[in-house]
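final.csv (CSV, N, CA and C atoms)
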chain,number,residue,atom,x,y,z
A,1,PRO,N,-111.6,131.0,-140.0
A,1,PRO,CA,-111.9,129.5,-140.0
A,1,PRO,C,-110.7,128.7,-139.5
A,2,LEU,N,-110.9,127.6,-138.8
A,2,LEU,CA,-109.9,126.7,-138.4
A,2,LEU,C,-110.1,125.4,-139.0
A,3,ASN,N,-109.3,125.0,-139.9
A,3,ASN,CA,-109.4,123.7,-140.7
A,3,ASN,C,-108.8,122.6,-140.0
A,4,LEU,N,-109.4,121.4,-140.1
A,4,LEU,CA,-108.9,120.2,-139.4
A,4,LEU,C,-108.8,119.0,-140.3
A,5,LEU,N,-107.9,118.1,-140.0
A,5,LEU,CA,-107.7,116.9,-140.7
A,5,LEU,C,-108.1,115.7,-139.9
A,6,LEU,N,-109.0,114.8,-140.5
A,6,LEU,CA,-109.5,113.7,-139.8
A,6,LEU,C,-109.2,112.4,-140.6
A,7,GLU,N,-108.6,111.5,-140.0
A,7,GLU,CA,-108.3,110.2,-140.7
A,7,GLU,C,-109.4,109.2,-140.5
A,8,ARG,N,-110.0,108.8,-141.6
A,8,ARG,CA,-111.1,107.9,-141.6
A,8,ARG,C,-110.7,106.6,-140.9
A,9,GLY,N,-111.6,106.0,-140.0
A,9,GLY,CA,-111.4,104.8,-139.3
A,9,GLY,C,-110.6,104.8,-138.1
A,10,THR,N,-110.3,106.0,-137.6
A,10,THR,CA,-109.5,106.2,-136.4
A,10,THR,C,-110.3,106.9,-135.3
A,11,ASP,N,-109.8,106.7,-134.1
A,11,ASP,CA,-110.3,107.6,-133.0
A,11,ASP,C,-109.7,108.9,-133.2
A,12,TRP,N,-110.5,110.0,-133.1
A,12,TRP,CA,-110.1,111.3,-133.5
A,12,TRP,C,-110.5,112.3,-132.4
A,13,ASP,N,-109.6,113.3,-132.2
A,13,ASP,CA,-110.1,114.4,-131.3
A,13,ASP,C,-109.3,115.6,-131.6
A,14,ALA,N,-109.8,116.8,-131.2
A,14,ALA,CA,-109.1,118.1,-131.4
A,14,ALA,C,-109.4,118.9,-130.1
A,15,THR,N,-108.4,119.6,-129.6
A,15,THR,CA,-108.6,120.4,-128.4
A,15,THR,C,-108.5,121.8,-128.7
A,16,PHE,N,-109.3,122.6,-128.1
A,16,PHE,CA,-109.4,124.1,-128.4
A,16,PHE,C,-109.2,124.9,-127.1
A,17,ASN,N,-108.5,126.0,-127.2
A,17,ASN,CA,-108.4,126.9,-126.1
A,17,ASN,C,-109.3,128.1,-126.5
A,18,ILE,N,-110.4,128.3,-125.8
A,18,ILE,CA,-111.4,129.3,-126.1
A,18,ILE,C,-111.0,130.6,-125.3
A,19,GLN,N,-110.9,131.7,-126.0
A,19,GLN,CA,-110.5,133.0,-125.4
A,19,GLN,C,-111.6,133.9,-125.2
A,20,ASN,N,-111.5,134.8,-124.3
A,20,ASN,CA,-112.4,135.9,-124.1
A,20,ASN,C,-112.4,136.8,-125.4
A,21,GLU,N,-113.3,137.8,-125.5
A,21,GLU,CA,-113.3,138.7,-126.7
A,21,GLU,C,-112.0,139.4,-126.8
A,22,ASP,N,-111.2,139.6,-125.8
A,22,ASP,CA,-109.9,140.3,-125.9
A,22,ASP,C,-108.8,139.5,-126.6
A,23,ASN,N,-109.1,138.2,-126.8
A,23,ASN,CA,-108.2,137.2,-127.4
A,23,ASN,C,-106.9,137.1,-126.7
A,24,THR,N,-106.8,137.4,-125.4
A,24,THR,CA,-105.6,137.3,-124.6
A,24,THR,C,-105.8,136.5,-123.3
A,25,THR,N,-107.0,136.3,-122.9
A,25,THR,CA,-107.3,135.6,-121.7
A,25,THR,C,-108.3,134.5,-121.9
A,26,PRO,N,-108.1,133.3,-121.3
A,26,PRO,CA,-109.1,132.2,-121.5
A,26,PRO,C,-110.5,132.6,-121.0
A,27,LEU,N,-111.5,132.1,-121.7
A,27,LEU,CA,-112.9,132.2,-121.3
A,27,LEU,C,-113.2,131.1,-120.2
A,28,ASN,N,-113.6,131.6,-119.1
A,28,ASN,CA,-114.0,130.6,-118.0
A,28,ASN,C,-115.3,130.0,-118.5
A,29,LEU,N,-115.3,128.7,-118.8
A,29,LEU,CA,-116.5,127.9,-119.3
A,29,LEU,C,-117.3,127.3,-118.2
A,30,THR,N,-117.2,127.7,-117.0
A,30,THR,CA,-118.0,127.2,-115.9
A,30,THR,C,-119.4,127.5,-116.2
A,31,GLY,N,-120.3,126.5,-116.2
A,31,GLY,CA,-121.7,126.7,-116.4
A,31,GLY,C,-122.1,126.7,-117.9
A,32,TYR,N,-121.2,126.7,-118.8
A,32,TYR,CA,-121.5,126.6,-120.2
A,32,TYR,C,-121.8,125.2,-120.7
A,33,THR,N,-122.5,125.1,-121.8
A,33,THR,CA,-122.7,123.9,-122.5
A,33,THR,C,-122.2,124.1,-123.9
A,34,ALA,N,-122.0,123.0,-124.6
A,34,ALA,CA,-121.5,123.2,-126.0
A,34,ALA,C,-122.0,122.1,-126.9
A,35,GLU,N,-122.1,122.4,-128.2
A,35,GLU,CA,-122.4,121.3,-129.2
A,35,GLU,C,-121.6,121.6,-130.4
A,36,ALA,N,-121.2,120.5,-131.1
A,36,ALA,CA,-120.4,120.6,-132.3
A,36,ALA,C,-120.9,119.6,-133.3
A,37,LYS,N,-121.0,120.1,-134.5
A,37,LYS,CA,-121.5,119.2,-135.6
A,37,LYS,C,-120.7,119.4,-136.9
A,38,MET,N,-120.7,118.4,-137.7
A,38,MET,CA,-120.2,118.6,-139.1
A,38,MET,C,-121.2,118.1,-140.1
A,39,LYS,N,-121.2,118.7,-141.2
A,39,LYS,CA,-122.1,118.4,-142.3
A,39,LYS,C,-121.3,118.4,-143.7
A,40,LYS,N,-121.9,117.8,-144.7
A,40,LYS,CA,-121.3,117.8,-146.0
A,40,LYS,C,-121.4,119.2,-146.6
A,41,SER,N,-122.4,120.0,-146.3
A,41,SER,CA,-122.5,121.4,-146.7
A,41,SER,C,-123.3,122.1,-145.6
A,42,TYR,N,-123.3,123.4,-145.7
A,42,TYR,CA,-124.0,124.2,-144.8
A,42,TYR,C,-125.5,123.9,-144.9
A,43,TYR,N,-126.0,123.4,-146.0
A,43,TYR,CA,-127.4,123.2,-146.3
A,43,TYR,C,-127.8,121.8,-146.1
A,44,SER,N,-126.9,120.9,-145.8
A,44,SER,CA,-127.3,119.5,-145.6
A,44,SER,C,-128.3,119.3,-144.4
A,45,SER,N,-129.2,118.4,-144.6
A,45,SER,CA,-130.2,118.2,-143.5
A,45,SER,C,-129.7,117.2,-142.5
A,46,THR,N,-128.6,116.4,-142.8
A,46,THR,CA,-128.1,115.5,-141.8
A,46,THR,C,-126.7,116.0,-141.4
A,47,SER,N,-126.4,115.6,-140.1
A,47,SER,CA,-125.1,116.0,-139.6
A,47,SER,C,-124.5,114.9,-138.7
A,48,THR,N,-123.2,115.0,-138.4
A,48,THR,CA,-122.5,114.1,-137.5
A,48,THR,C,-122.2,114.9,-136.3
A,49,ASN,N,-122.7,114.4,-135.1
A,49,ASN,CA,-122.4,115.2,-133.8
A,49,ASN,C,-121.1,114.7,-133.2
A,50,PHE,N,-120.3,115.7,-132.9
A,50,PHE,CA,-119.0,115.4,-132.2
A,50,PHE,C,-119.4,115.2,-130.7
A,51,VAL,N,-118.6,114.5,-130.0
A,51,VAL,CA,-118.7,114.4,-128.5
A,51,VAL,C,-117.9,115.6,-128.0
A,52,VAL,N,-118.5,116.4,-127.2
A,52,VAL,CA,-117.8,117.6,-126.6
A,52,VAL,C,-117.5,117.3,-125.1
A,53,THR,N,-116.3,117.5,-124.7
A,53,THR,CA,-115.9,117.4,-123.3
A,53,THR,C,-115.1,118.7,-122.9
A,54,PHE,N,-115.4,119.1,-121.7
A,54,PHE,CA,-114.6,120.2,-121.1
A,54,PHE,C,-113.4,119.7,-120.4
A,55,GLU,N,-112.3,119.9,-121.0
A,55,GLU,CA,-111.0,119.4,-120.4
A,55,GLU,C,-110.6,120.3,-119.2
A,56,ASP,N,-110.8,121.6,-119.2
A,56,ASP,CA,-110.5,122.5,-118.2
A,56,ASP,C,-111.4,123.7,-118.3
A,57,ARG,N,-112.5,123.7,-117.7
A,57,ARG,CA,-113.5,124.8,-117.8
A,57,ARG,C,-112.9,126.1,-117.4
A,58,TYR,N,-112.2,126.2,-116.3
A,58,TYR,CA,-111.7,127.5,-115.8
A,58,TYR,C,-110.7,128.1,-116.8
A,59,ASN,N,-109.9,127.3,-117.5
A,59,ASN,CA,-109.0,127.9,-118.5
A,59,ASN,C,-109.5,127.8,-120.0
A,60,GLY,N,-110.8,127.5,-120.2
A,60,GLY,CA,-111.4,127.6,-121.5
A,60,GLY,C,-111.0,126.5,-122.5
A,61,ILE,N,-110.6,125.3,-121.9
A,61,ILE,CA,-110.2,124.2,-122.8
A,61,ILE,C,-111.3,123.2,-123.0
A,62,LEU,N,-111.7,123.0,-124.3
A,62,LEU,CA,-112.6,121.9,-124.6
A,62,LEU,C,-112.1,121.1,-125.7
A,63,LYS,N,-112.7,119.9,-125.8
A,63,LYS,CA,-112.2,118.9,-126.8
A,63,LYS,C,-113.5,118.4,-127.5
A,64,ILE,N,-113.3,118.2,-128.9
A,64,ILE,CA,-114.3,117.5,-129.6
A,64,ILE,C,-113.7,116.2,-130.1
A,65,SER,N,-114.5,115.1,-130.2
A,65,SER,CA,-114.0,113.8,-130.6
A,65,SER,C,-115.0,113.0,-131.3
A,66,LEU,N,-114.5,112.0,-132.0
A,66,LEU,CA,-115.3,111.0,-132.7
A,66,LEU,C,-114.6,109.6,-132.5
A,67,ALA,N,-115.4,108.6,-132.3
A,67,ALA,CA,-114.9,107.2,-132.2
A,67,ALA,C,-114.6,106.7,-133.5
A,68,ASN,N,-113.8,105.6,-133.6
A,68,ASN,CA,-113.4,105.1,-134.9
A,68,ASN,C,-114.6,104.5,-135.7
A,69,ALA,N,-115.6,104.0,-134.9
A,69,ALA,CA,-116.8,103.4,-135.6
A,69,ALA,C,-117.5,104.5,-136.4
A,70,THR,N,-117.5,105.7,-135.8
A,70,THR,CA,-118.1,106.9,-136.5
A,70,THR,C,-117.3,107.4,-137.7
A,71,THR,N,-116.0,107.5,-137.5
A,71,THR,CA,-115.1,108.0,-138.5
A,71,THR,C,-115.1,107.1,-139.7
A,72,ALA,N,-115.2,105.8,-139.4
A,72,ALA,CA,-115.2,104.7,-140.5
A,72,ALA,C,-116.4,104.9,-141.4
A,73,SER,N,-117.5,105.5,-140.9
A,73,SER,CA,-118.7,105.6,-141.8
A,73,SER,C,-118.7,106.9,-142.6
A,74,LEU,N,-117.7,107.7,-142.4
A,74,LEU,CA,-117.6,109.0,-143.1
A,74,LEU,C,-117.0,108.8,-144.5
A,75,ASP,N,-117.6,109.5,-145.5
A,75,ASP,CA,-117.0,109.5,-146.8
A,75,ASP,C,-115.8,110.4,-146.8
A,76,PRO,N,-114.7,110.0,-147.5
A,76,PRO,CA,-113.5,110.8,-147.6
A,76,PRO,C,-113.9,112.1,-148.5
A,77,ARG,N,-113.9,113.2,-147.9
A,77,ARG,CA,-114.2,114.5,-148.6
A,77,ARG,C,-114.1,115.6,-147.6
A,78,ARG,N,-114.5,116.8,-148.0
A,78,ARG,CA,-114.5,117.9,-147.1
A,78,ARG,C,-115.9,118.1,-146.5
A,79,TYR,N,-115.9,118.5,-145.2
A,79,TYR,CA,-117.1,118.8,-144.5
A,79,TYR,C,-116.9,120.2,-143.9
A,80,VAL,N,-118.1,120.8,-143.5
A,80,VAL,CA,-118.0,122.0,-142.7
A,80,VAL,C,-118.4,121.6,-141.3
A,81,TYR,N,-117.8,122.4,-140.3
A,81,TYR,CA,-118.1,122.1,-138.9
A,81,TYR,C,-118.2,123.4,-138.1
A,82,ASP,N,-118.8,123.3,-136.9
A,82,ASP,CA,-118.7,124.5,-136.0
A,82,ASP,C,-118.9,124.0,-134.6
A,83,ILE,N,-118.5,124.8,-133.7
A,83,ILE,CA,-118.7,124.6,-132.2
A,83,ILE,C,-119.5,125.8,-131.7
A,84,VAL,N,-120.6,125.5,-131.0
A,84,VAL,CA,-121.5,126.6,-130.5
A,84,VAL,C,-121.5,126.4,-128.9
A,85,LEU,N,-121.2,127.5,-128.2
A,85,LEU,CA,-121.3,127.5,-126.8
A,85,LEU,C,-122.6,128.2,-126.4
A,86,THR,N,-123.2,127.7,-125.3
A,86,THR,CA,-124.4,128.3,-124.7
A,86,THR,C,-123.9,128.7,-123.3
A,87,SER,N,-124.0,130.0,-123.0
A,87,SER,CA,-123.6,130.6,-121.7
A,87,SER,C,-124.7,130.3,-120.7
A,88,PRO,N,-124.3,130.5,-119.4
A,88,PRO,CA,-125.3,130.2,-118.3
A,88,PRO,C,-126.5,131.1,-118.5
A,89,GLN,N,-126.4,132.2,-119.2
A,89,GLN,CA,-127.5,133.1,-119.5
A,89,GLN,C,-128.3,132.7,-120.8
A,90,SER,N,-128.0,131.6,-121.3
A,90,SER,CA,-128.6,131.0,-122.5
A,90,SER,C,-128.3,131.8,-123.8
A,91,ILE,N,-127.1,132.4,-123.8
A,91,ILE,CA,-126.7,133.1,-125.0
A,91,ILE,C,-125.8,132.2,-125.8
A,92,LYS,N,-126.2,131.9,-127.1
A,92,LYS,CA,-125.5,131.0,-128.0
A,92,LYS,C,-124.4,131.8,-128.8
A,93,THR,N,-123.2,131.3,-128.9
A,93,THR,CA,-122.1,131.9,-129.6
A,93,THR,C,-121.4,130.8,-130.4
A,94,ARG,N,-121.2,131.1,-131.7
A,94,ARG,CA,-120.3,130.2,-132.5
A,94,ARG,C,-118.9,130.6,-132.3
A,95,VAL,N,-118.1,129.7,-131.6
A,95,VAL,CA,-116.7,130.1,-131.3
A,95,VAL,C,-115.7,129.6,-132.2
A,96,ILE,N,-116.0,128.5,-132.9
A,96,ILE,CA,-115.0,127.9,-133.8
A,96,ILE,C,-115.8,127.4,-135.0
A,97,GLU,N,-115.2,127.5,-136.2
A,97,GLU,CA,-115.8,127.0,-137.4
A,97,GLU,C,-114.8,126.8,-138.5
A,98,GLY,N,-115.1,125.9,-139.4
A,98,GLY,CA,-114.1,125.7,-140.5
A,98,GLY,C,-114.4,124.4,-141.3
A,99,ILE,N,-113.4,123.9,-141.9
A,99,ILE,CA,-113.5,122.7,-142.8
A,99,ILE,C,-112.8,121.5,-142.1
A,100,VAL,N,-113.5,120.3,-142.2
A,100,VAL,CA,-112.8,119.1,-141.8
A,100,VAL,C,-112.6,118.3,-143.1
A,101,GLU,N,-111.3,118.0,-143.3
A,101,GLU,CA,-110.9,117.1,-144.4
A,101,GLU,C,-110.8,115.7,-143.9
A,102,VAL,N,-111.7,114.8,-144.4
A,102,VAL,CA,-111.6,113.4,-144.0
A,102,VAL,C,-110.8,112.7,-145.1
A,103,THR,N,-109.7,112.0,-144.6
A,103,THR,CA,-108.9,111.3,-145.6
A,103,THR,C,-109.1,109.8,-145.5
A,104,PRO,N,-109.0,109.1,-146.6
A,104,PRO,CA,-109.2,107.7,-146.6
A,104,PRO,C,-108.0,107.0,-145.9
A,105,GLY,N,-108.2,105.8,-145.4
A,105,GLY,CA,-107.1,105.0,-144.8
A,105,GLY,C,-106.7,103.9,-145.7
A,106,VAL,N,-105.5,103.3,-145.4
A,106,VAL,CA,-105.1,102.1,-146.2
A,106,VAL,C,-105.2,100.9,-145.3
A,107,THR,N,-105.0,101.0,-144.0
A,107,THR,CA,-105.1,99.9,-143.0
A,107,THR,C,-106.4,99.8,-142.4
What would you get if you wrote out this structure as structure tokens?
Amino acid sequence: PLNLLLERGTDWDATFNIQNEDNTTPLNLTGYTAEAKMKKSYYSSTSTNFVVTFEDRYNGILKISLANATTASLDPRRYVYDIVLTSPQSIKTRVIEGIVEVTPGVT
């Protein structure tokens, strides 16, 4: 698992380098799609969708982000999240998962 820290009320993003199964070379993400969500628990019926952008498809770099209006509406607590890639052959793979800790702000 890869755990993240998210400050409530801010514009937030995290960038990931996706590797091939050998864990030494980047996965070429040309033709792939991705989705990423976070929930209060694995069993929650509601979720928050991250915006996913491919920063460098050839070198396996993607970014997930949330705007400040979205993060301001989150309760300070722990959430679970994951990122799922869909290959050009329609094969779905969960490539990243973990905990997002949302911290309250003062300002």
> as a ChimeraX atom specification, which residues of chain A does DSSP assign to strand (DSSP E)?
Replying inline: /A:4-7,12-17,33-39,48-49,51-56,61-66,78-86,92-103
>> Applying 6 Å and only C-alpha atoms, which residues near region 75-92 of chain A remain after dropping the ones on its own chain fewer than 6 positions away? List them as an MDAnalysis selection string.
In response: chainID A and resid 31:40 98:104
>> Taking only chain A into account, list the residues labelled alpha helix (DSSP H) by DSSP (computed from the backbone), as a ChimeraX atom specification.
In response: /A:68-72
> Got a sec to check which residues sit within 7 Å of (-113.8, 111.2, -132.1), counting all atoms listed in the file, and write them as a PyMOL selection string?
Replying inline: chain A and resi 10-14+50-51+64-68+71
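Between CA of Leu6 (chain A) and atom N of Thr48 (chain A) there is a distance of 13.8 Å.
When CA of Leu74 (chain A) is paired with CA of Arg8 (chain A), their separation reads 6.8 Å.
Computed from the coordinates, the CA of Leu62 (chain A) to CA of Ile18 (chain A) distance equals 7.6 Å.
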> Which residues, protein or nucleic acid, reach to within 6 Å of (-110.4, 130.3, -121.3) in the file's coordinates when using only N, CA and C atoms, and can you give that as a count of residues only?
Replying inline: 13
> Hey, which of A:Asn49, A:Ser41, A:Ile96, A:Thr30 ends up closest to Thr15 (chain A)? Count only C-alpha atoms.
Replying inline: A:Ile96
As a tab-separated table (two decimals), in the frame of the given file, the rebuilt region 87-98 of chain A with all heavy atoms:
chain	number	residue	atom	x	y	z
A	87	SER	N	-124.00	130.00	-123.00
A	87	SER	CA	-123.60	130.60	-121.70
A	87	SER	C	-124.70	130.30	-120.70
A	87	SER	O	-125.78	129.84	-120.96
A	87	SER	CB	-123.48	132.11	-121.84
A	87	SER	OG	-124.76	132.72	-121.89
A	88	PRO	N	-124.30	130.50	-119.40
A	88	PRO	CA	-125.30	130.20	-118.30
A	88	PRO	C	-126.50	131.10	-118.50
A	88	PRO	O	-127.57	130.82	-117.93
A	88	PRO	CB	-124.48	130.61	-117.04
A	88	PRO	CG	-123.05	130.40	-117.40
A	88	PRO	CD	-122.96	130.75	-118.87
A	89	GLN	N	-126.40	132.20	-119.20
A	89	GLN	CA	-127.50	133.10	-119.50
A	89	GLN	C	-128.30	132.70	-120.80
A	89	GLN	O	-129.11	133.50	-121.25
A	89	GLN	CB	-127.06	134.58	-119.60
A	89	GLN	CG	-126.42	135.14	-118.35
A	89	GLN	CD	-124.98	134.66	-118.15
A	89	GLN	OE1	-124.26	134.35	-119.09
A	89	GLN	NE2	-124.56	134.60	-116.89
A	90	SER	N	-128.00	131.60	-121.30
A	90	SER	CA	-128.60	131.00	-122.50
A	90	SER	C	-128.30	131.80	-123.80
A	90	SER	O	-129.03	131.72	-124.77
A	90	SER	CB	-130.14	130.91	-122.34
A	90	SER	OG	-130.44	130.06	-121.27
A	91	ILE	N	-127.10	132.40	-123.80
A	91	ILE	CA	-126.70	133.10	-125.00
A	91	ILE	C	-125.80	132.20	-125.80
A	91	ILE	O	-124.85	131.59	-125.32
A	91	ILE	CB	-125.88	134.38	-124.68
A	91	ILE	CG1	-126.78	135.37	-123.93
A	91	ILE	CG2	-125.29	135.02	-125.94
A	91	ILE	CD1	-126.04	136.52	-123.30
A	92	LYS	N	-126.20	131.90	-127.10
A	92	LYS	CA	-125.50	131.00	-128.00
A	92	LYS	C	-124.40	131.80	-128.80
A	92	LYS	O	-124.78	132.85	-129.38
A	92	LYS	CB	-126.41	130.28	-128.91
A	92	LYS	CG	-127.29	129.27	-128.18
A	92	LYS	CD	-128.14	128.49	-129.17
A	92	LYS	CE	-128.99	127.49	-128.46
A	92	LYS	NZ	-128.33	126.20	-128.30
A	93	THR	N	-123.20	131.30	-128.90
A	93	THR	CA	-122.10	131.90	-129.60
A	93	THR	C	-121.40	130.80	-130.40
A	93	THR	O	-120.95	129.83	-129.82
A	93	THR	CB	-121.16	132.63	-128.69
A	93	THR	OG1	-121.89	133.53	-127.87
A	93	THR	CG2	-120.11	133.39	-129.47
A	94	ARG	N	-121.20	131.10	-131.70
A	94	ARG	CA	-120.30	130.20	-132.50
A	94	ARG	C	-118.90	130.60	-132.30
A	94	ARG	O	-118.52	131.71	-132.62
A	94	ARG	CB	-120.69	130.24	-133.99
A	94	ARG	CG	-119.84	129.30	-134.83
A	94	ARG	CD	-120.16	129.37	-136.32
A	94	ARG	NE	-121.55	129.11	-136.59
A	94	ARG	CZ	-122.38	129.97	-137.18
A	94	ARG	NH1	-121.95	131.15	-137.56
A	94	ARG	NH2	-123.64	129.65	-137.40
A	95	VAL	N	-118.10	129.70	-131.60
A	95	VAL	CA	-116.70	130.10	-131.30
A	95	VAL	C	-115.70	129.60	-132.20
A	95	VAL	O	-114.60	130.14	-132.34
A	95	VAL	CB	-116.41	129.68	-129.82
A	95	VAL	CG1	-117.22	130.51	-128.83
A	95	VAL	CG2	-116.62	128.20	-129.60
A	96	ILE	N	-116.00	128.50	-132.90
A	96	ILE	CA	-115.00	127.90	-133.80
A	96	ILE	C	-115.80	127.40	-135.00
A	96	ILE	O	-116.91	126.85	-134.90
A	96	ILE	CB	-114.27	126.65	-133.23
A	96	ILE	CG1	-113.60	126.99	-131.92
A	96	ILE	CG2	-113.30	126.04	-134.23
A	96	ILE	CD1	-112.29	127.71	-132.02
A	97	GLU	N	-115.20	127.50	-136.20
A	97	GLU	CA	-115.80	127.00	-137.40
A	97	GLU	C	-114.80	126.80	-138.50
A	97	GLU	O	-113.69	127.37	-138.40
A	97	GLU	CB	-116.94	127.91	-138.00
A	97	GLU	CG	-116.45	129.24	-138.47
A	97	GLU	CD	-117.58	130.14	-138.94
A	97	GLU	OE1	-118.57	129.63	-139.47
A	97	GLU	OE2	-117.45	131.36	-138.80
A	98	GLY	N	-115.10	125.90	-139.40
A	98	GLY	CA	-114.10	125.70	-140.50
A	98	GLY	C	-114.40	124.40	-141.30
A	98	GLY	O	-115.59	124.01	-141.40
